[in-house]
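**Q** Before I ask anything, here is the structure I am working with.
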Amino acid sequence: MRVLGIETSCDETSAAVVDNGSQIVSNVIASQIDIHAKYGGVVPEVASRRHLELILPVVQEALDRADCVLSGIDCIGVINRPGLIGALIVGAAAAKTIAYGANIPLVAVHHLEAHIYANFLTGADIEFPLICLIVSGGHSDIVHMADHGSYRIMARTRDDAAGEAFDKCARAMGLGYPGGPIIDKLARDGDPGAIHFPRAKVGDTLDFSFSGLKTAVIRYAQSMDAKMRVEDIAAGFQQAVVDVLVDHTFRAAEQTNVKQILIAGGVAANSALQSAMKSRGERLGIAVTAPPPVLCTDNAAMAAGAAYYVYERGESAGLDMDCFASEPLGISRQGA
Ligand code: KG4
Ligand code: ZN
């Protein structure tokens with residue numbers, strides 16, 4: 001089954017063609033980073049307006065690169081929740097219009113479900129039950145999946161998301177936006193043990209808390225003596241985040257006796273996180289799968305990949321499908 005995916009939930013306008021939830025035929029991502037960088041973060045109204053300009057050319061480009069026309073598309077999958085509401089509405093309106101005009105079934109996809117299913121585009125052999133760590137600009141969740149479409153949230157963040165901590169620390173250090181990839185690169189030349197930042201515990205739960213770490217890093221950066229290298233601060237901060245993410249994820253796997261871990265979301269692109277996860281997995285005999293960086297950050301191939309599984313389980317959206325700024329995983333939102 002060939003799916004056209006559409007994703008506009010934040011600052012990437014993206015469309016993709018994916019076969020059977022596993023083979024990417026095309027994946028076009030028009031990033032707005034340059035437009036928002038000067039504001040130090042995404043400006044929602046500016047993002048919506050840019051999506052409006054880009055959405056149809058991006059969809060056309062995805063079809064052209066796939067050497068395909070609409071009559072060759074079996075289903076359209078669009079992310080309709082959660083995200084910036086104006087931005088989501090642009091993608092949803094485009095998807096509904098194309099679906100109606102070309103008489104193609106439509107499926108609404110949850111953004112986090114799409115991130116998880118980016119792992120199924122890697123060609124890896126993935127076995128259920130599994131634990132997925134989803135870490136992005138807005139979320140830090142540990143999810144247990146007994147099977148496709150079955151989600152039990154085992155942990156979430158009590159304050160900042162991991163990506164938000166990367167972005168805010170980078171901003172405080174004057175490093176630019178988005179902070180994750182910049183800190184990842186700088187940290188490669190730093191000593192992760194030079195400065196010890198706090199690792200927060202939330203009672204005996206697996207929940208995360210990154211706001212104390214963020215404050216500690218910002219205070220440190222502001223009072224930084226001239227001898228301290230920004231690479232060491234970046235490496236120390238990143239190590240604190242990675243330690244907590246790895247520790248909680250493997251504890252979740254141990255508690256549920258799971259032998260497969262997935263990581264997903266923009267922060268899953270982090271090189272230190274990917275290698276720490278993989279080496280712990282090798283030691284413990286737990287398979288760890290992670291998408292390549294371009295499939296970790298927002299893209300429409302993940303939307304198309306997830307849509308295949310949503311459609312296969314019998315869900316499809318009506319033209320009254322709505323968009324939702326915030327919405328937990330696991331609730332169907334296809335419209336009437
Ligand atoms: O999933 P995503 O593209 O958008 C959201 O759904 O939020 O994630 C974006 C987040 C940003 O906070 C960005 O700084 C972070 O992912 N990120 C990274 C890396 N690449 C992107 N964080 C750490 N290391 C990276 N290499
Ligand atoms: Zn995302």
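Within each chain, counting starts at residue 1; across the structure tokens, chains are named A, B, ... in the order shown, with ligands numbered 1 upward in that order.
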With the cut-off set at 7 Å and counting only C-alpha atoms and all ligand atoms, tabulate each residue of chain A with an atom at most that distance from an atom of ligand 2, showing the nearest atom pair and its distance in Å to one decimal, ordered by chain and increasing number, as a tab-separated table.
**A**
residue	atom	partner	partner_atom_place_in_ligand_line	distance
A:His111	CA	ligand 2	1 (Zn)	6.4
A:Leu112	CA	ligand 2	1 (Zn)	6.9
A:His115	CA	ligand 2	1 (Zn)	6.6
A:Ser136	CA	ligand 2	1 (Zn)	5.7
A:Gly137	CA	ligand 2	1 (Zn)	6.9
A:Gly265	CA	ligand 2	1 (Zn)	5.4
A:Gly266	CA	ligand 2	1 (Zn)	6.1
A:Thr297	CA	ligand 2	1 (Zn)	5.9
A:Asp298	CA	ligand 2	1 (Zn)	4.7
**Q** Output all heavy atoms for every residue in that selection, as a PDB file, in the first residue's frame.
**A**
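For reference, part-v9.pdb as written:
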ATOM      1  N   HIS A 111       1.331  12.739  16.319  1.00  0.00           N
ATOM      2  CA  HIS A 111       2.734  13.076  16.058  1.00  0.00           C
ATOM      3  C   HIS A 111       3.711  12.107  16.739  1.00  0.00           C
ATOM      4  O   HIS A 111       4.720  11.703  16.151  1.00  0.00           O
ATOM      5  CB  HIS A 111       2.987  14.510  16.538  1.00  0.00           C
ATOM      6  CG  HIS A 111       4.333  15.044  16.196  1.00  0.00           C
ATOM      7  ND1 HIS A 111       4.670  15.494  14.948  1.00  0.00           N
ATOM      8  CD2 HIS A 111       5.453  15.207  16.939  1.00  0.00           C
ATOM      9  CE1 HIS A 111       5.922  15.902  14.943  1.00  0.00           C
ATOM     10  NE2 HIS A 111       6.429  15.736  16.145  1.00  0.00           N
ATOM     11  N   LEU A 112       3.405  11.713  17.967  1.00  0.00           N
ATOM     12  CA  LEU A 112       4.332  10.819  18.672  1.00  0.00           C
ATOM     13  C   LEU A 112       4.285   9.403  18.102  1.00  0.00           C
ATOM     14  O   LEU A 112       5.296   8.700  18.051  1.00  0.00           O
ATOM     15  CB  LEU A 112       4.036  10.796  20.177  1.00  0.00           C
ATOM     16  CG  LEU A 112       4.194  12.132  20.905  1.00  0.00           C
ATOM     17  CD1 LEU A 112       4.036  11.948  22.412  1.00  0.00           C
ATOM     18  CD2 LEU A 112       5.536  12.791  20.602  1.00  0.00           C
ATOM     19  N   HIS A 115       6.540   9.509  15.244  1.00  0.00           N
ATOM     20  CA  HIS A 115       7.950   9.398  15.656  1.00  0.00           C
ATOM     21  C   HIS A 115       8.318   7.934  15.943  1.00  0.00           C
ATOM     22  O   HIS A 115       9.367   7.455  15.534  1.00  0.00           O
ATOM     23  CB  HIS A 115       8.216  10.246  16.910  1.00  0.00           C
ATOM     24  CG  HIS A 115       8.567  11.674  16.604  1.00  0.00           C
ATOM     25  ND1 HIS A 115       9.603  12.016  15.773  1.00  0.00           N
ATOM     26  CD2 HIS A 115       8.039  12.849  17.038  1.00  0.00           C
ATOM     27  CE1 HIS A 115       9.698  13.346  15.704  1.00  0.00           C
ATOM     28  NE2 HIS A 115       8.758  13.875  16.455  1.00  0.00           N
ATOM     29  N   SER A 136      11.603  14.744  22.345  1.00  0.00           N
ATOM     30  CA  SER A 136      11.537  15.769  21.304  1.00  0.00           C
ATOM     31  C   SER A 136      11.541  17.138  21.965  1.00  0.00           C
ATOM     32  O   SER A 136      11.846  17.255  23.149  1.00  0.00           O
ATOM     33  CB  SER A 136      10.277  15.556  20.474  1.00  0.00           C
ATOM     34  OG  SER A 136       9.156  15.836  21.271  1.00  0.00           O
ATOM     35  N   GLY A 137      11.166  18.163  21.176  1.00  0.00           N
ATOM     36  CA  GLY A 137      11.115  19.504  21.731  1.00  0.00           C
ATOM     37  C   GLY A 137       9.978  19.675  22.734  1.00  0.00           C
ATOM     38  O   GLY A 137      10.044  20.541  23.611  1.00  0.00           O
ATOM     39  N   GLY A 265      12.050  10.669  18.086  1.00  0.00           N
ATOM     40  CA  GLY A 265      11.934  12.108  18.341  1.00  0.00           C
ATOM     41  C   GLY A 265      13.251  12.816  18.060  1.00  0.00           C
ATOM     42  O   GLY A 265      14.307  12.175  17.946  1.00  0.00           O
ATOM     43  N   GLY A 266      13.200  14.133  17.961  1.00  0.00           N
ATOM     44  CA  GLY A 266      14.374  14.918  17.569  1.00  0.00           C
ATOM     45  C   GLY A 266      15.611  14.656  18.409  1.00  0.00           C
ATOM     46  O   GLY A 266      16.726  14.559  17.875  1.00  0.00           O
ATOM     47  N   THR A 297      14.151  13.763  13.572  1.00  0.00           N
ATOM     48  CA  THR A 297      13.494  15.069  13.603  1.00  0.00           C
ATOM     49  C   THR A 297      12.265  15.017  12.695  1.00  0.00           C
ATOM     50  O   THR A 297      12.089  14.072  11.917  1.00  0.00           O
ATOM     51  CB  THR A 297      14.484  16.176  13.174  1.00  0.00           C
ATOM     52  OG1 THR A 297      15.151  15.736  11.990  1.00  0.00           O
ATOM     53  CG2 THR A 297      15.528  16.434  14.247  1.00  0.00           C
ATOM     54  N   ASP A 298      11.420  16.055  12.792  1.00  0.00           N
ATOM     55  CA  ASP A 298      10.117  15.994  12.134  1.00  0.00           C
ATOM     56  C   ASP A 298      10.226  15.798  10.618  1.00  0.00           C
ATOM     57  O   ASP A 298      10.994  16.486   9.951  1.00  0.00           O
ATOM     58  CB  ASP A 298       9.327  17.268  12.443  1.00  0.00           C
ATOM     59  CG  ASP A 298       8.954  17.343  13.914  1.00  0.00           C
ATOM     60  OD1 ASP A 298       9.055  16.312  14.604  1.00  0.00           O
ATOM     61  OD2 ASP A 298       8.551  18.435  14.362  1.00  0.00           O
TER      62      ASP A 298
END
**Q** Taking a cut-off of 7 Å and counting only C-alpha atoms and all ligand atoms, can you build a table that, for each residue of chain A near ligand 1, reports the nearest atom pair and how far apart they are in Å (one decimal), sorted by chain then residue number, as JSON lines?
**A**
{"residue": "A:Cys10", "atom": "CA", "partner": "ligand 1", "partner_atom_place_in_ligand_line": "4 (O)", "distance": 6.9}
{"residue": "A:Ser136", "atom": "CA", "partner": "ligand 1", "partner_atom_place_in_ligand_line": "8 (O)", "distance": 4.0}
{"residue": "A:Gly137", "atom": "CA", "partner": "ligand 1", "partner_atom_place_in_ligand_line": "7 (O)", "distance": 3.2}
{"residue": "A:Gly138", "atom": "CA", "partner": "ligand 1", "partner_atom_place_in_ligand_line": "7 (O)", "distance": 4.8}
{"residue": "A:Gly163", "atom": "CA", "partner": "ligand 1", "partner_atom_place_in_ligand_line": "12 (O)", "distance": 3.3}
{"residue": "A:Glu164", "atom": "CA", "partner": "ligand 1", "partner_atom_place_in_ligand_line": "12 (O)", "distance": 5.0}
{"residue": "A:Phe166", "atom": "CA", "partner": "ligand 1", "partner_atom_place_in_ligand_line": "14 (O)", "distance": 5.6}
{"residue": "A:Asp167", "atom": "CA", "partner": "ligand 1", "partner_atom_place_in_ligand_line": "14 (O)", "distance": 5.2}
{"residue": "A:Pro178", "atom": "CA", "partner": "ligand 1", "partner_atom_place_in_ligand_line": "14 (O)", "distance": 4.5}
{"residue": "A:Gly179", "atom": "CA", "partner": "ligand 1", "partner_atom_place_in_ligand_line": "14 (O)", "distance": 4.6}
{"residue": "A:Gly180", "atom": "CA", "partner": "ligand 1", "partner_atom_place_in_ligand_line": "22 (N)", "distance": 3.2}
{"residue": "A:Pro181", "atom": "CA", "partner": "ligand 1", "partner_atom_place_in_ligand_line": "26 (N)", "distance": 3.9}
{"residue": "A:Ile183", "atom": "CA", "partner": "ligand 1", "partner_atom_place_in_ligand_line": "24 (N)", "distance": 6.8}
{"residue": "A:Asp184", "atom": "CA", "partner": "ligand 1", "partner_atom_place_in_ligand_line": "24 (N)", "distance": 5.1}
{"residue": "A:Gly265", "atom": "CA", "partner": "ligand 1", "partner_atom_place_in_ligand_line": "1 (O)", "distance": 4.2}
{"residue": "A:Gly266", "atom": "CA", "partner": "ligand 1", "partner_atom_place_in_ligand_line": "8 (O)", "distance": 3.3}
{"residue": "A:Val267", "atom": "CA", "partner": "ligand 1", "partner_atom_place_in_ligand_line": "22 (N)", "distance": 3.7}
{"residue": "A:Ala268", "atom": "CA", "partner": "ligand 1", "partner_atom_place_in_ligand_line": "25 (C)", "distance": 6.8}
{"residue": "A:Ala269", "atom": "CA", "partner": "ligand 1", "partner_atom_place_in_ligand_line": "26 (N)", "distance": 4.5}
{"residue": "A:Asn270", "atom": "CA", "partner": "ligand 1", "partner_atom_place_in_ligand_line": "24 (N)", "distance": 3.5}
{"residue": "A:Ser271", "atom": "CA", "partner": "ligand 1", "partner_atom_place_in_ligand_line": "26 (N)", "distance": 6.2}
{"residue": "A:Cys296", "atom": "CA", "partner": "ligand 1", "partner_atom_place_in_ligand_line": "1 (O)", "distance": 6.4}
{"residue": "A:Thr297", "atom": "CA", "partner": "ligand 1", "partner_atom_place_in_ligand_line": "3 (O)", "distance": 3.4}
{"residue": "A:Asp298", "atom": "CA", "partner": "ligand 1", "partner_atom_place_in_ligand_line": "3 (O)", "distance": 4.0}
**Q** Given the choices A:Ile73, A:Leu186, A:Ala87, A:Val244, which gets closest to Val202 in chain A if the distance is worked out from only C-alpha atoms?
**A**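 Closest candidate: A:Val244.
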**Q** I'd like the neighbourhood of Glu113 in chain A as a compact mmCIF listing (two decimals) with N, CA and C atoms, in the first residue's frame, where a residue qualifies if any of its atoms comes within 9 Å (using only C-alpha atoms), though same-chain residues fewer than 5 positions away should be ignored.
**A**
# COMPACT_ATOMS: atom_id res chain seq x y z
N ALA A 118 8.88 5.85 12.84
CA ALA A 118 10.11 6.12 12.06
C ALA A 118 11.05 4.93 12.19
N GLY A 149 -0.02 -0.14 17.82
CA GLY A 149 -1.16 0.67 18.23
C GLY A 149 -1.52 0.57 19.70
N MET A 302 7.68 9.56 8.44
CA MET A 302 7.20 8.92 9.66
C MET A 302 5.66 8.98 9.74
N ALA A 303 5.09 10.06 9.19
CA ALA A 303 3.62 10.18 9.18
C ALA A 303 3.03 9.12 8.26
N ALA A 306 3.43 5.58 9.88
CA ALA A 306 2.45 5.31 10.94
C ALA A 306 1.05 5.17 10.35
N LEU A 329 -1.25 10.19 23.56
CA LEU A 329 -1.18 9.05 22.63
C LEU A 329 -2.30 8.08 22.95
N GLY A 330 -2.79 7.40 21.92
CA GLY A 330 -3.69 6.27 22.19
C GLY A 330 -5.16 6.59 22.07
**Q** Extract, using only C-alpha atoms, all DNA, RNA and protein residues at most 8 Å from Ala200 in chain A, discarding same-chain residues fewer than 2 positions from it, and format them as number ranges by chain.
**A** A: 198, 202, 208-210, 212-213, 244
**Q** So that I have them on file, write out the residues from the current selection with C-alpha atoms, as a compact mmCIF listing (two decimals), in the first residue's frame.
**A**
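The result, written out as selection22.txt:
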# COMPACT_ATOMS: atom_id res chain seq x y z
CA PRO A 198 22.65 17.26 38.58
CA VAL A 202 11.25 12.09 40.75
CA PHE A 208 11.88 12.92 34.11
CA SER A 209 12.65 16.42 35.34
CA PHE A 210 15.04 18.61 33.37
CA GLY A 212 16.79 21.86 37.61
CA LEU A 213 19.52 20.74 35.22
CA VAL A 244 19.01 9.91 32.88
**Q** Of the candidates A:Val58, A:Ala290, A:Ala165, A:Ala47, which one gets nearest to Leu88 in chain A if we count only C-alpha atoms?
**A**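 For Leu88 in chain A, the nearest of the candidates is A:Ala47.
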**Q** State, in Å with one decimal place, the distance from CA of Pro291 in chain A to CA of Ile263 in chain A.
**A**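 Taking CA of Pro291 in chain A as the start and CA of Ile263 in chain A as the end point, the length is 7.6 Å.
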**Q** At a cut-off of 10 Å, using only C-alpha atoms, what residues contact Gly193 in chain A? Leave out same-chain residues fewer than 6 positions from it and give the result as a CSV table (one decimal) with all heavy atoms, in the first residue's frame.
**A**
chain,number,residue,atom,x,y,z
A,232,ASP,N,33.1,22.0,27.1
A,232,ASP,CA,33.0,21.1,28.4
A,232,ASP,C,31.6,21.3,29.0
A,232,ASP,O,31.0,20.4,29.6
A,232,ASP,CB,34.1,21.5,29.4
A,232,ASP,CG,35.4,21.0,28.9
A,232,ASP,OD1,35.5,20.1,28.1
A,232,ASP,OD2,36.5,21.6,29.3
A,233,ILE,N,31.1,22.5,29.0
A,233,ILE,CA,29.7,22.7,29.5
A,233,ILE,C,28.7,21.9,28.7
A,233,ILE,O,27.8,21.2,29.2
A,233,ILE,CB,29.3,24.2,29.5
A,233,ILE,CG1,30.4,25.1,30.2
A,233,ILE,CG2,27.9,24.4,30.1
A,233,ILE,CD1,30.1,26.6,30.2
A,235,ALA,N,29.3,19.3,26.9
A,235,ALA,CA,29.5,17.8,27.1
A,235,ALA,C,28.9,17.4,28.5
A,235,ALA,O,28.3,16.3,28.6
A,235,ALA,CB,30.9,17.5,27.0
A,236,GLY,N,29.1,18.3,29.5
A,236,GLY,CA,28.6,18.0,30.8
A,236,GLY,C,27.1,17.9,30.9
A,236,GLY,O,26.5,17.0,31.5
A,237,PHE,N,26.5,18.9,30.2
A,237,PHE,CA,25.0,19.0,30.2
A,237,PHE,C,24.5,17.8,29.4
A,237,PHE,O,23.6,17.1,29.9
A,237,PHE,CB,24.6,20.3,29.5
A,237,PHE,CG,23.2,20.2,28.9
A,237,PHE,CD1,22.1,20.3,29.8
A,237,PHE,CD2,23.0,20.1,27.6
A,237,PHE,CE1,20.8,20.2,29.3
A,237,PHE,CE2,21.7,20.0,27.1
A,237,PHE,CZ,20.6,20.1,27.9
A,239,GLN,N,25.8,14.9,28.8
A,239,GLN,CA,26.0,13.6,29.6
A,239,GLN,C,24.9,13.4,30.7
A,239,GLN,O,24.4,12.3,30.9
A,239,GLN,CB,27.4,13.6,30.2
A,239,GLN,CG,27.8,12.2,30.7
A,239,GLN,CD,27.8,11.2,29.6
A,239,GLN,OE1,28.4,11.4,28.5
A,239,GLN,NE2,27.2,10.1,29.8
A,240,ALA,N,24.6,14.6,31.3
A,240,ALA,CA,23.6,14.5,32.4
A,240,ALA,C,22.2,14.0,31.8
A,240,ALA,O,21.5,13.2,32.3
A,240,ALA,CB,23.4,15.8,33.1
**Q** How would you write, as a PyMOL selection string, the set of residues in range 85-132 of chain A that DSSP gives as strand (DSSP E or B)?
**A** chain A and resi 106-110+130-132
**Q** Please measure the separation of CA of Ala300 in chain A and CA of Asn27 in chain A, giving the value in Å to one decimal.
**A**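 Atom-to-atom, CA of Ala300 in chain A and CA of Asn27 in chain A are spaced 6.6 Å apart.
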**Q** Could you check which of A:Leu284, A:Ile153, A:Ala114, A:Leu63 is closest to Pro82 in chain A, using only C-alpha atoms?
**A**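 Of A:Leu284, A:Ile153, A:Ala114, A:Leu63, the one nearest Pro82 in chain A, counting only C-alpha atoms, is A:Ala114.
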**Q** Enumerate as an NGL selection string all residues of range 128-314 of chain A assigned to helix (DSSP H, G or I) by DSSP on the backbone, naming them with the chain letters and numbers the document uses.
**A** :A and (162-172 or 179-187 or 211-222 or 230-256 or 266-269 or 271-284 or 293-296 or 300-312)
**Q** Quick check, in Å to one decimal: how far apart do CA of Ala253 in chain A and CA of Thr205 in chain A lie?
**A** 13.8 Å
